[in-house]
file query_30.cif (mmCIF, C-alpha atoms)
data_entry
#
loop_
_atom_site.label_atom_id
_atom_site.label_comp_id
_atom_site.auth_asym_id
_atom_site.auth_seq_id
_atom_site.Cartn_x
_atom_site.Cartn_y
_atom_site.Cartn_z
CA ALA A 927 0.00 0.00 0.00
CA HIS A 928 2.91 2.35 0.65
CA ASN A 929 3.80 2.34 -3.04
CA ASN A 930 0.54 4.13 -3.84
CA ILE A 931 1.62 7.24 -2.00
CA ASP A 932 3.44 8.88 -4.89
CA THR A 933 0.60 8.68 -7.41
CA GLY A 934 -2.37 8.83 -5.09
CA ILE A 935 -4.08 6.17 -7.24
CA ALA A 936 -4.79 2.71 -5.91
CA ILE A 937 -3.75 0.21 -8.61
CA PRO A 938 -4.30 -3.50 -7.87
CA LYS A 939 -1.12 -5.44 -7.50
CA GLY A 940 -0.34 -8.71 -9.24
CA LYS A 941 -1.87 -7.72 -12.63
CA TYR A 942 1.43 -7.50 -14.42
CA ASN A 943 4.28 -9.90 -15.14
CA ASN A 944 7.95 -9.47 -14.38
CA SER A 945 8.66 -7.97 -17.79
CA MET A 946 6.27 -5.10 -17.19
CA LYS A 947 6.93 -2.05 -15.01
CA ASP A 948 4.98 -1.94 -11.78
CA PRO A 949 2.72 1.11 -12.15
CA THR A 950 2.48 1.55 -8.41
CA THR A 951 6.19 2.32 -8.07
CA THR A 952 6.11 5.34 -10.37
CA THR A 953 7.53 8.41 -8.66
CA ASP A 954 8.02 12.03 -9.57
CA LYS A 955 11.31 12.29 -11.46
CA SER A 956 12.08 15.69 -9.98
CA THR A 957 11.83 14.21 -6.48
CA THR A 958 13.76 11.01 -7.07
CA MET A 959 16.67 13.04 -8.44
CA LEU A 960 17.13 14.68 -5.05
CA VAL A 961 17.80 11.46 -3.08
CA ALA A 962 18.71 8.17 -4.79
CA GLN A 963 16.87 5.16 -3.34
CA PRO A 964 18.56 1.72 -3.14
CA LYS A 965 16.64 -1.01 -4.95
CA CYS A 966 17.00 -3.34 -1.96
CA LEU A 967 14.79 -1.11 0.24
CA SER A 968 11.15 -0.20 -0.11
CA THR A 969 10.16 3.46 -0.19
CA GLU A 970 8.83 3.33 3.36
CA SER A 971 11.85 1.51 4.82
CA TYR A 972 14.26 3.88 3.09
CA SER A 973 12.28 6.86 4.40
CA LEU A 974 12.57 5.59 7.97
CA LEU A 975 16.33 5.20 7.47
CA LEU A 976 16.57 8.78 6.21
CA LEU A 977 14.70 9.93 9.33
CA VAL A 978 17.48 8.43 11.45
CA VAL A 979 19.98 10.41 9.34
CA SER A 980 17.81 13.49 9.86
CA SER A 981 17.94 12.97 13.62
CA PHE A 982 21.73 12.90 13.51
CA PHE A 983 21.92 16.21 11.62
CA TYR A 984 19.39 17.82 13.96
CA SER A 985 21.44 16.71 16.96
CA GLY A 986 24.54 18.16 15.35
CA MET A 987 22.65 21.40 14.80
CA ALA A 988 21.65 21.48 18.48
CA CYS A 989 25.30 21.02 19.43
CA PHE A 990 26.31 24.00 17.30
CA VAL A 991 23.40 26.00 18.75
CA GLN A 992 24.77 25.50 22.25
CA LEU A 993 28.26 26.49 21.15
CA ALA A 994 26.99 29.56 19.29
CA THR A 995 24.77 30.79 22.13
CA ARG A 996 27.77 30.65 24.46
CA THR A 997 29.34 33.34 22.29
CA GLY A 998 26.39 35.64 23.02
CA ILE A 999 24.26 35.06 19.89
CA PRO A 1000 20.50 34.84 20.64
CA SER A 1001 18.76 31.65 19.53
CA THR A 1002 16.26 33.67 17.50
CA GLU A 1003 19.12 35.13 15.50
CA LEU A 1004 20.38 31.61 14.79
CA VAL A 1005 16.96 30.61 13.49
CA PHE A 1006 16.83 33.74 11.35
CA MET A 1007 20.27 33.07 9.85
CA ARG A 1008 19.40 29.45 9.21
CA GLY A 1009 16.18 30.59 7.51
CA VAL A 1010 18.14 32.94 5.24
CA PHE A 1011 20.72 30.23 4.43
CA GLN A 1012 18.17 27.50 3.78
CA GLY A 1013 15.76 29.86 2.02
CA ALA A 1014 18.44 30.93 -0.45
CA LEU A 1015 19.27 27.32 -1.33
CA VAL A 1016 15.62 26.27 -1.61
CA THR A 1017 14.68 29.28 -3.73
CA ALA A 1018 17.56 28.63 -6.12
CA ALA A 1019 16.64 24.94 -6.40
CA MET A 1020 13.01 25.76 -7.19
CA PHE A 1021 14.14 27.26 -10.52
CA PHE A 1022 15.34 23.81 -11.66
CA TYR A 1023 12.40 21.61 -10.58
CA ASN A 1024 8.83 21.48 -11.85
CA ASP A 1025 5.51 20.48 -10.31
CA PRO A 1026 3.31 17.72 -11.83
CA ASP A 1027 1.91 20.31 -14.29
CA HIS A 1028 5.48 20.95 -15.58
CA VAL A 1029 5.46 24.46 -14.11
CA GLN A 1030 8.55 25.73 -12.29
CA LEU A 1031 8.18 25.38 -8.53
CA ILE A 1032 9.37 28.97 -8.08
CA ARG A 1033 6.15 30.08 -9.81
CA ARG A 1034 4.06 28.08 -7.32
CA PRO A 1035 6.10 27.97 -4.10
CA PHE A 1036 3.06 27.04 -2.00
CA GLY A 1037 1.54 24.65 -4.54
CA SER A 1038 -1.02 24.90 -7.33
CA SER A 1039 -4.38 23.58 -6.10
CA PRO A 1040 -6.20 25.07 -3.09
CA LEU A 1041 -5.83 21.76 -1.20
CA VAL A 1042 -2.06 21.65 -1.67
CA GLN A 1043 -1.70 25.31 -0.72
CA LYS A 1044 -3.62 24.76 2.51
CA VAL A 1045 -1.42 21.82 3.49
CA VAL A 1046 1.85 23.57 2.61
CA ILE A 1047 0.94 26.83 4.36
CA ALA A 1048 -0.37 24.96 7.41
CA ARG A 1049 2.89 23.01 7.61
CA GLY A 1050 4.93 26.22 7.66
CA ALA A 1051 2.60 28.05 10.04
CA VAL A 1052 2.34 25.18 12.53
CA GLY A 1053 6.08 24.54 12.33
CA GLY A 1054 6.72 28.21 13.08
CA LEU A 1055 4.23 28.18 15.94
CA GLY A 1056 5.94 25.10 17.35
CA PHE A 1057 9.20 27.04 17.22
CA LEU A 1058 7.64 29.79 19.35
CA PHE A 1059 6.55 27.25 21.97
CA TYR A 1060 9.95 25.54 21.83
CA TYR A 1061 11.81 28.82 22.26
CA TYR A 1062 9.74 29.92 25.23
CA THR A 1063 9.92 26.49 26.88
CA MET A 1064 13.69 26.34 26.60
CA SER A 1065 14.01 29.85 28.00
CA VAL A 1066 11.98 29.31 31.19
CA LEU A 1067 12.38 25.60 32.06
CA PRO A 1068 15.40 23.44 32.89
CA ILE A 1069 16.69 21.62 29.83
CA GLY A 1070 15.76 18.23 31.32
CA ASP A 1071 12.16 19.25 31.99
CA ALA A 1072 11.76 20.77 28.54
CA THR A 1073 13.31 17.80 26.71
CA THR A 1074 11.18 15.29 28.59
CA LEU A 1075 7.89 17.08 27.93
CA LEU A 1076 8.72 17.73 24.27
CA SER A 1077 9.54 14.01 23.89
CA LEU A 1078 5.82 13.25 24.27
CA ASN A 1079 5.69 13.94 20.53
CA PRO A 1080 5.73 10.23 19.44
CA VAL A 1081 2.82 9.29 21.69
CA ILE A 1082 0.71 12.23 20.50
CA THR A 1083 1.63 11.55 16.87
CA VAL A 1084 0.67 7.86 17.04
CA LEU A 1085 -2.73 8.76 18.49
CA ALA A 1086 -3.32 11.68 16.12
CA ALA A 1087 -2.30 9.65 13.05
CA SER A 1088 -4.86 6.99 13.93
CA VAL A 1089 -7.58 9.65 14.04
CA PHE A 1090 -6.69 11.92 11.11
CA LEU A 1091 -4.81 9.54 8.78
CA LYS A 1092 -6.53 6.29 9.81
CA GLU A 1093 -3.17 4.67 10.52
CA ALA A 1094 -3.35 1.41 12.42
CA ILE A 1095 -1.92 1.34 15.93
CA HIS A 1096 0.18 -1.79 16.47
CA ALA A 1097 1.40 -3.08 19.80
CA SER A 1098 5.00 -2.55 18.65
CA HIS A 1099 4.26 1.13 17.96
CA VAL A 1100 2.79 1.66 21.43
CA PHE A 1101 5.74 -0.13 23.05
CA ALA A 1102 8.29 1.85 21.03
CA ALA A 1103 6.62 5.20 21.77
CA ALA A 1104 6.46 4.42 25.50
CA ALA A 1105 10.10 3.28 25.49
CA CYS A 1106 11.17 6.52 23.80
CA VAL A 1107 9.37 8.63 26.39
CA ALA A 1108 10.78 6.59 29.29
CA GLY A 1109 14.26 6.72 27.78
CA SER A 1110 14.11 10.49 27.34
CA VAL A 1111 13.02 10.86 30.97
CA LEU A 1112 16.03 8.88 32.19
CA ILE A 1113 18.42 10.75 29.88
CA ALA A 1114 17.06 14.26 30.51
CA HIS A 1115 16.63 13.68 34.27
CA PRO A 1116 13.83 16.27 34.70
CA THR A 1117 13.66 18.17 37.98
CA PHE A 1118 9.91 17.70 38.37
CA LEU A 1119 10.54 13.93 38.73
CA PHE A 1120 14.06 13.64 40.16
CA GLY A 1121 14.27 16.94 42.00
CA PRO A 1122 16.90 19.70 41.54
CA GLU A 1123 20.58 18.90 41.61
CA HIS A 1124 22.49 20.25 44.61
CA ASP A 1125 26.15 21.05 45.01
CA GLY A 1126 26.04 21.54 48.74
CA ASN A 1127 23.66 24.51 48.85
CA VAL A 1128 19.95 23.75 48.95
CA THR A 1129 18.14 25.94 46.50
CA THR A 1130 14.52 25.94 45.46
CA HIS A 1131 13.43 27.09 42.03
CA HIS A 1132 9.88 27.88 41.01
CA TYR A 1133 9.30 27.64 37.29
CA PRO A 1134 6.29 29.24 35.57
CA ALA A 1135 3.40 26.91 34.77
CA THR A 1136 3.15 28.46 31.32
CA GLY A 1137 6.49 26.83 30.47
CA TYR A 1138 5.06 23.36 31.04
CA LEU A 1139 1.98 24.30 29.04
CA THR A 1140 4.01 25.53 26.07
CA ALA A 1141 6.14 22.37 26.22
CA PHE A 1142 3.02 20.25 25.80
CA LEU A 1143 1.73 22.53 23.05
CA GLY A 1144 5.12 22.30 21.34
CA ALA A 1145 4.85 18.50 21.36
CA CYS A 1146 1.37 18.81 19.84
CA CYS A 1147 2.71 21.10 17.12
CA GLY A 1148 5.43 18.58 16.38
CA ALA A 1149 2.81 15.86 15.98
CA ALA A 1150 0.76 18.13 13.71
CA VAL A 1151 3.83 18.73 11.53
CA TYR A 1152 4.24 14.99 10.93
CA ILE A 1153 0.53 14.68 10.09
CA LEU A 1154 0.75 17.58 7.63
CA ILE A 1155 3.93 16.31 5.96
CA ARG A 1156 2.38 12.86 5.55
CA SER A 1157 -0.76 14.46 4.07
CA ALA A 1158 1.45 16.53 1.78
CA GLY A 1159 3.12 13.36 0.52
CA LYS A 1160 -0.24 11.85 -0.34
CA ALA A 1161 -1.24 15.05 -2.15
CA GLY A 1162 1.92 15.03 -4.27
CA VAL A 1163 3.55 18.07 -2.66
CA HIS A 1164 7.20 18.57 -3.60
CA VAL A 1165 9.68 18.59 -0.73
CA LEU A 1166 11.03 21.99 -1.84
CA GLN A 1167 7.59 23.53 -1.34
CA LEU A 1168 7.52 22.26 2.25
CA LEU A 1169 10.99 23.63 2.89
CA PHE A 1170 10.08 27.00 1.37
CA SER A 1171 6.99 27.24 3.60
CA TRP A 1172 9.07 26.67 6.75
CA CYS A 1173 11.65 29.25 5.62
CA PHE A 1174 8.93 31.83 5.04
CA PHE A 1175 7.27 31.40 8.43
CA GLY A 1176 10.55 30.74 10.24
CA LEU A 1177 11.93 34.06 9.04
CA LEU A 1178 8.67 35.80 9.88
CA TYR A 1179 8.48 34.47 13.44
CA SER A 1180 12.18 34.83 14.25
CA ALA A 1181 12.24 38.40 12.93
CA ALA A 1182 9.17 39.24 15.03
CA ILE A 1183 10.71 37.79 18.19
CA GLY A 1184 14.29 38.87 17.64
CA MET A 1185 13.70 42.32 16.15
CA LEU A 1186 10.22 43.71 16.79
CA LEU A 1187 9.70 42.58 20.40
CA PRO A 1188 13.03 43.95 21.73
CA TRP A 1189 12.57 47.20 19.79
CA ALA A 1190 8.89 47.81 20.62
CA PHE A 1191 8.49 46.29 24.09
CA GLY A 1192 12.02 45.66 25.32
CA ILE A 1193 11.33 41.91 25.54
CA GLY A 1194 14.00 39.36 24.66
CA ASN A 1195 17.48 39.79 23.22
CA SER A 1196 18.18 41.87 20.13
CA PHE A 1197 20.24 40.54 17.24
CA VAL A 1198 23.99 41.06 17.57
CA LEU A 1199 26.89 40.92 15.13
CA PRO A 1200 29.11 37.84 15.75
CA ALA A 1201 32.34 39.05 17.27
CA SER A 1202 34.76 36.31 16.15
CA GLY A 1203 35.50 33.91 13.34
CA VAL A 1204 34.74 30.98 15.64
CA ALA A 1205 31.23 32.32 16.19
CA TRP A 1206 30.71 32.47 12.42
CA LEU A 1207 31.88 28.86 12.13
CA TYR A 1208 29.32 27.85 14.77
CA ILE A 1209 26.64 29.71 12.82
CA LEU A 1210 27.69 27.91 9.64
CA GLY A 1211 27.40 24.60 11.48
CA VAL A 1212 23.88 25.50 12.62
CA CYS A 1213 22.88 26.40 9.05
CA VAL A 1214 24.42 23.36 7.34
CA PHE A 1215 23.38 20.70 9.85
CA GLY A 1216 19.96 22.26 10.38
CA SER A 1217 19.23 22.52 6.66
CA LEU A 1218 20.31 18.93 5.98
CA GLY A 1219 18.29 17.58 8.89
CA HIS A 1220 15.25 19.59 7.82
CA PHE A 1221 15.54 18.43 4.22
CA PHE A 1222 15.77 14.73 5.11
CA MET A 1223 12.87 15.00 7.56
CA ASN A 1224 10.52 16.69 5.09
CA TYR A 1225 11.63 14.42 2.25
CA ALA A 1226 11.25 11.16 4.17
CA ALA A 1227 8.22 11.90 6.35
CA ARG A 1228 6.05 12.23 3.22
CA HIS A 1229 6.52 8.51 2.50
CA ALA A 1230 6.36 6.98 5.99
CA PRO A 1231 3.46 6.62 8.45
CA ALA A 1232 3.37 9.65 10.73
CA GLY A 1233 3.41 7.59 13.91
CA LEU A 1234 6.43 5.54 12.85
CA ALA A 1235 8.20 8.66 11.60
CA SER A 1236 7.90 10.42 14.95
CA ILE A 1237 9.15 7.35 16.83
CA VAL A 1238 12.16 6.92 14.56
CA ARG A 1239 12.96 10.64 14.84
CA SER A 1240 13.25 10.08 18.59
CA SER A 1241 16.63 8.58 17.84
CA GLY A 1242 17.75 12.20 18.07
CA ILE A 1243 17.71 11.74 21.85
CA LEU A 1244 20.42 9.11 21.45
CA TRP A 1245 22.50 11.20 19.05
CA SER A 1246 22.24 14.25 21.32
CA TYR A 1247 23.44 12.27 24.31
CA LEU A 1248 26.42 10.89 22.39
CA LEU A 1249 27.39 14.39 21.26
CA GLU A 1250 27.13 15.69 24.82
CA VAL A 1251 29.60 13.01 25.92
CA LEU A 1252 32.00 13.49 22.99
CA VAL A 1253 31.84 17.29 22.57
CA PHE A 1254 30.94 18.62 26.02
CA HIS A 1255 32.65 15.78 27.96
CA GLN A 1256 29.71 15.03 30.22
CA VAL A 1257 30.21 11.95 32.39
CA PRO A 1258 27.42 9.39 31.78
CA GLN A 1259 25.43 8.09 34.74
CA ARG A 1260 23.87 4.65 35.10
CA VAL A 1261 20.34 6.00 34.87
CA THR A 1262 21.30 7.83 31.68
CA LEU A 1263 22.71 4.66 30.14
CA ALA A 1264 19.44 2.92 30.98
CA GLY A 1265 17.59 5.64 29.09
CA VAL A 1266 19.87 5.20 26.08
CA ALA A 1267 19.18 1.46 26.17
CA LEU A 1268 15.42 2.07 26.12
CA VAL A 1269 15.68 4.32 23.05
CA VAL A 1270 17.81 1.72 21.27
CA ILE A 1271 15.31 -1.01 22.16
CA ALA A 1272 12.48 1.12 20.74
CA LEU A 1273 14.33 1.57 17.43
CA VAL A 1274 15.19 -2.14 17.26
CA ALA A 1275 11.53 -3.01 17.86
CA ILE A 1276 10.49 -0.80 14.95
CA ALA A 1277 13.19 -2.32 12.72
CA ILE A 1278 12.03 -5.86 13.54
CA GLU A 1279 8.40 -4.93 12.93
CA LYS A 1280 9.26 -3.38 9.56
CA GLN A 1281 11.35 -6.39 8.52
CA HIS A 1282 8.47 -8.71 9.41
CA ALA A 1283 6.03 -6.54 7.43
CA VAL A 1284 8.33 -6.53 4.38
CA HIS A 1285 8.68 -10.32 4.56
CA GLN A 1286 4.90 -10.76 4.70
CA GLU A 1287 4.45 -8.37 1.76
CA LYS A 1288 6.95 -10.33 -0.33
CA GLU A 1289 5.22 -13.65 0.44
CA LYS A 1290 1.85 -12.14 -0.46
CA GLN A 1291 3.25 -10.82 -3.74
CA LEU A 1292 4.72 -14.22 -4.60
CA ARG A 1293 1.38 -15.92 -3.95
CA GLU A 1294 -0.43 -13.35 -6.11
CA ASP A 1295 2.09 -13.71 -8.94
CA GLU A 1296 1.80 -17.50 -8.82
CA ALA A 1297 -2.00 -17.30 -8.89
CA ASN A 1298 -1.88 -14.92 -11.85
CA ARG A 1299 0.56 -17.16 -13.67
CA LEU A 1300 -1.71 -20.17 -13.24
CA GLU A 1301 -4.70 -18.08 -14.33
CA LEU A 1302 -2.91 -16.92 -17.49
CA GLN A 1303 -1.79 -20.49 -18.20
CA SER A 1304 -5.33 -21.79 -17.76
CA ASN A 1305 -6.72 -19.07 -20.04
CA ALA A 1306 -4.08 -19.88 -22.66
CA TYR A 1307 -4.98 -23.60 -22.63
CA GLY A 1308 -8.66 -22.70 -22.82
CA SER A 1309 -8.02 -20.44 -25.80
CA ILE A 1310 -6.13 -23.24 -27.61
CA GLY A 1311 -9.02 -25.62 -26.95
CA ASP A 1312 -11.53 -23.14 -28.33
CA ASP A 1313 -9.42 -22.68 -31.46
CA ASP A 1314 -9.30 -26.47 -31.99
CA ASP A 1315 -13.07 -26.74 -31.65
CA THR A 1316 -13.55 -23.92 -34.16
CA GLU A 1317 -11.19 -25.57 -36.65
CA LYS A 1318 -13.02 -28.90 -36.37
CA ALA A 1319 -16.37 -27.23 -36.88
CA THR A 1320 -15.07 -25.49 -40.01
CA LEU A 1321 -13.86 -28.77 -41.50
CA LEU A 1322 -17.19 -30.43 -40.88
#

call {"tool": "encode", "arguments": {"input": "query_30.cif", "output": "structure tokens"}}
result
Amino acid sequence: AHNNIDTGIAIPKGKYNNSMKDPTTTTDKSTTMLVAQPKCLSTESYSLLLLVVSSFFYSGMACFVQLATRTGIPSTELVFMRGVFQGALVTAAMFFYNDPDHVQLIRRPFGSSPLVQKVVIARGAVGGLGFLFYYYTMSVLPIGDATTLLSLNPVITVLAASVFLKEAIHASHVFAAAACVAGSVLIAHPTFLFGPEHDGNVTTHHYPATGYLTAFLGACCGAAVYILIRSAGKAGVHVLQLLFSWCFFGLLYSAAIGMLLPWAFGIGNSFVLPASGVAWLYILGVCVFGSLGHFFMNYAARHAPAGLASIVRSSGILWSYLLEVLVFHQVPQRVTLAGVALVVIALVAIAIEKQHAVHQEKEKQLREDEANRLELQSNAYGSIGDDDDTEKATLL
């Protein structure tokens, strides 16, 4: 069934022989040129693999964000610069790719039909809104609390996908989503569960309730993004249109927060000019890693179930932890290692479930091909018999 995503037309399988091209595997040439797909993997399996790659690039981006913010650059300025960098690349690429009507994408950056435009604009708007919630959450809550609450994304996505996309909820999906949440809790070590860390002085911190609310809303926005990207894939939306939409709203929101609010109301930090070459290198790392991670996520999530996509993207928790150990030299604790193990178990469970599904699909295809072969053979014998009867009748 996953092969019908690209065309949006359900074509019965098994009605063609090996010498004919499977019509259900037809894809948009302009899209397949962007990322080559190995023949040994199905579209869905390859998409899930690309989501793991996306998680790695996003974790690398987060590492550069931490390094850049230590030089005094506001996070909103980093988002703005990444939007400019990614927007320039996407806009240039849209001159060389066409939509299904053979019209340059640059002429229809948000799509052609009203349905496509709604999905593309909603993806950018919701993604930008999720950024607002993410930014506020990170600014008022401890990093552990924020990471744990935002990691509820897979659970919300699995439930939402079953409602809006009619995706089936399997026991392996529920287990993997729960394992990801539990693993993130153990890795992030949130203060609302484990209490604040003390270094001899007992201190009590009171964090605003709005921070916990925006963390939950940010997780909901993340789930909505996966739903919208999956819907965009079914509607034939080009990945460059999704990227352009995020750039548009990302620049809009980051400019509003980083420029207008400090100037008009004195809220937040104004944009600053990087003071050193090292700071510029950190900014370049944010732009490159962020753009690559964003591209792979939007490209792959169009062709994978939203629930599975969100669970696989949780591998970013594992990548982030490894980078913290390697780059920031944090000493791992036993409880943290247990969290890492849970995330790995969740990903292995998904991999086993996918391998089992692919094996069943292959067996079903073989049975259908064999049945069709026997049917064609029977029809051929019947046709020969009819021809013999006709010849005998003519002679008589």

call {"tool": "closest_residue", "arguments": {"input": "query_30.cif", "among": "A:Leu1067, A:Val1005, A:Leu1112, A:Leu1075", "to": "Leu1178 in chain A", "atoms": "only C-alpha atoms"}}
result
A:Val1005

call {"tool": "residues_near_point", "arguments": {"input": "query_30.cif", "point": "(5.9, 10.8, 8.2)", "cutoff": "10 Å", "atoms": "all atoms listed in the file", "output": "ChimeraX atom specification"}}
result
/A:970,973-974,977,1083,1087,1149,1151-1159,1223-1239

call {"tool": "closest_residue", "arguments": {"input": "query_30.cif", "among": "A:Glu1003, A:Arg1049, A:His1096, A:Thr1063", "to": "Lys1280 in chain A", "atoms": "all atoms listed in the file"}}
result
A:His1096

call {"tool": "atom_distance", "arguments": {"input": "query_30.cif", "atom1": "CA of Phe1215 in chain A", "atom2": "CA of Val991 in chain A"}}
result
10.4 Å

call {"tool": "atom_distance", "arguments": {"input": "query_30.cif", "atom1": "CA of Ala1205 in chain A", "atom2": "CA of Ala994 in chain A"}}
result
5.9 Å

call {"tool": "atom_distance", "arguments": {"input": "query_30.cif", "atom1": "CA of Val1046 in chain A", "atom2": "CA of Gly1162 in chain A"}}
result
11.0 Å

call {"tool": "resolve_selection", "arguments": {"input": "query_30.cif", "expression": "the PyMOL selection byres ((chain A and resi 1267) around 12)", "output": "VMD selection string"}}
result
chain A and resid 1105 to 1106 1108 to 1110 1112 to 1113 1241 1243 to 1244 1247 1260 to 1266 1268 to 1274

call {"tool": "closest_atom_pairs", "arguments": {"input": "query_30.cif", "of": "range 1076-1192 of chain A", "to": "range 1031-1041 of chain A", "cutoff": "7 Å", "atoms": "only C-alpha atoms", "output": "CSV"}}
result
residue,atom,partner,partner_atom,distance
A:Gln1167,CA,A:Pro1035,CA,5.4
A:Phe1170,CA,A:Pro1035,CA,6.8
A:Ser1171,CA,A:Phe1036,CA,6.8

call {"tool": "closest_residue", "arguments": {"input": "query_30.cif", "among": "A:Ala1097, A:Met1064, A:Ala1145, A:Val1111", "to": "Leu1078 in chain A", "atoms": "all atoms listed in the file"}}
result
A:Ala1145

call {"tool": "build_atoms", "arguments": {"input": "query_30.cif", "residues": "range 1286-1308 of chain A", "atoms": "N, CA and C atoms", "output": "mmCIF file, in the frame of the given file"}}
result
data_model
loop_
_atom_site.group_PDB
_atom_site.id
_atom_site.type_symbol
_atom_site.label_atom_id
_atom_site.label_comp_id
_atom_site.auth_asym_id
_atom_site.auth_seq_id
_atom_site.Cartn_x
_atom_site.Cartn_y
_atom_site.Cartn_z
ATOM 1 N N GLN A 1286 6.281 -10.380 4.987
ATOM 2 C CA GLN A 1286 4.900 -10.760 4.700
ATOM 3 C C GLN A 1286 4.446 -10.207 3.357
ATOM 4 N N GLU A 1287 4.835 -8.973 3.039
ATOM 5 C CA GLU A 1287 4.450 -8.370 1.760
ATOM 6 C C GLU A 1287 5.056 -9.134 0.594
ATOM 7 N N LYS A 1288 6.314 -9.567 0.730
ATOM 8 C CA LYS A 1288 6.950 -10.330 -0.330
ATOM 9 C C LYS A 1288 6.256 -11.674 -0.534
ATOM 10 N N GLU A 1289 5.914 -12.368 0.562
ATOM 11 C CA GLU A 1289 5.220 -13.650 0.440
ATOM 12 C C GLU A 1289 3.854 -13.470 -0.210
ATOM 13 N N LYS A 1290 3.157 -12.408 0.146
ATOM 14 C CA LYS A 1290 1.850 -12.140 -0.460
ATOM 15 C C LYS A 1290 2.001 -11.874 -1.948
ATOM 16 N N GLN A 1291 3.031 -11.118 -2.328
ATOM 17 C CA GLN A 1291 3.250 -10.820 -3.740
ATOM 18 C C GLN A 1291 3.578 -12.074 -4.525
ATOM 19 N N LEU A 1292 4.385 -12.967 -3.929
ATOM 20 C CA LEU A 1292 4.720 -14.220 -4.600
ATOM 21 C C LEU A 1292 3.477 -15.071 -4.817
ATOM 22 N N ARG A 1293 2.618 -15.139 -3.807
ATOM 23 C CA ARG A 1293 1.380 -15.920 -3.950
ATOM 24 C C ARG A 1293 0.496 -15.332 -5.054
ATOM 25 N N GLU A 1294 0.388 -13.986 -5.091
ATOM 26 C CA GLU A 1294 -0.430 -13.350 -6.110
ATOM 27 C C GLU A 1294 0.139 -13.576 -7.504
ATOM 28 N N ASP A 1295 1.466 -13.485 -7.641
ATOM 29 C CA ASP A 1295 2.090 -13.710 -8.940
ATOM 30 C C ASP A 1295 1.890 -15.145 -9.404
ATOM 31 N N GLU A 1296 2.007 -16.102 -8.466
ATOM 32 C CA GLU A 1296 1.800 -17.500 -8.820
ATOM 33 C C GLU A 1296 0.361 -17.751 -9.245
ATOM 34 N N ALA A 1297 -0.599 -17.151 -8.522
ATOM 35 C CA ALA A 1297 -2.000 -17.300 -8.890
ATOM 36 C C ALA A 1297 -2.281 -16.696 -10.253
ATOM 37 N N ASN A 1298 -1.691 -15.548 -10.540
ATOM 38 C CA ASN A 1298 -1.880 -14.920 -11.850
ATOM 39 C C ASN A 1298 -1.248 -15.729 -12.966
ATOM 40 N N ARG A 1299 -0.080 -16.333 -12.668
ATOM 41 C CA ARG A 1299 0.560 -17.160 -13.670
ATOM 42 C C ARG A 1299 -0.297 -18.369 -14.026
ATOM 43 N N LEU A 1300 -0.848 -19.019 -12.995
ATOM 44 C CA LEU A 1300 -1.710 -20.170 -13.240
ATOM 45 C C LEU A 1300 -2.978 -19.764 -13.984
ATOM 46 N N GLU A 1301 -3.504 -18.558 -13.646
ATOM 47 C CA GLU A 1301 -4.700 -18.080 -14.330
ATOM 48 C C GLU A 1301 -4.429 -17.821 -15.801
ATOM 49 N N LEU A 1302 -3.276 -17.174 -16.102
ATOM 50 C CA LEU A 1302 -2.910 -16.920 -17.490
ATOM 51 C C LEU A 1302 -2.679 -18.222 -18.251
ATOM 52 N N GLN A 1303 -2.033 -19.195 -17.579
ATOM 53 C CA GLN A 1303 -1.790 -20.490 -18.200
ATOM 54 C C GLN A 1303 -3.090 -21.209 -18.504
ATOM 55 N N SER A 1304 -4.025 -21.148 -17.558
ATOM 56 C CA SER A 1304 -5.330 -21.790 -17.760
ATOM 57 C C SER A 1304 -6.088 -21.129 -18.900
ATOM 58 N N ASN A 1305 -6.037 -19.786 -18.951
ATOM 59 C CA ASN A 1305 -6.720 -19.070 -20.040
ATOM 60 C C ASN A 1305 -6.103 -19.390 -21.387
ATOM 61 N N ALA A 1306 -4.752 -19.550 -21.406
ATOM 62 C CA ALA A 1306 -4.080 -19.880 -22.660
ATOM 63 C C ALA A 1306 -4.491 -21.261 -23.158
ATOM 64 N N TYR A 1307 -4.549 -22.259 -22.252
ATOM 65 C CA TYR A 1307 -4.980 -23.600 -22.630
ATOM 66 C C TYR A 1307 -6.428 -23.592 -23.103
ATOM 67 N N GLY A 1308 -7.254 -22.782 -22.416
ATOM 68 C CA GLY A 1308 -8.660 -22.700 -22.820
ATOM 69 C C GLY A 1308 -8.806 -22.084 -24.189
#
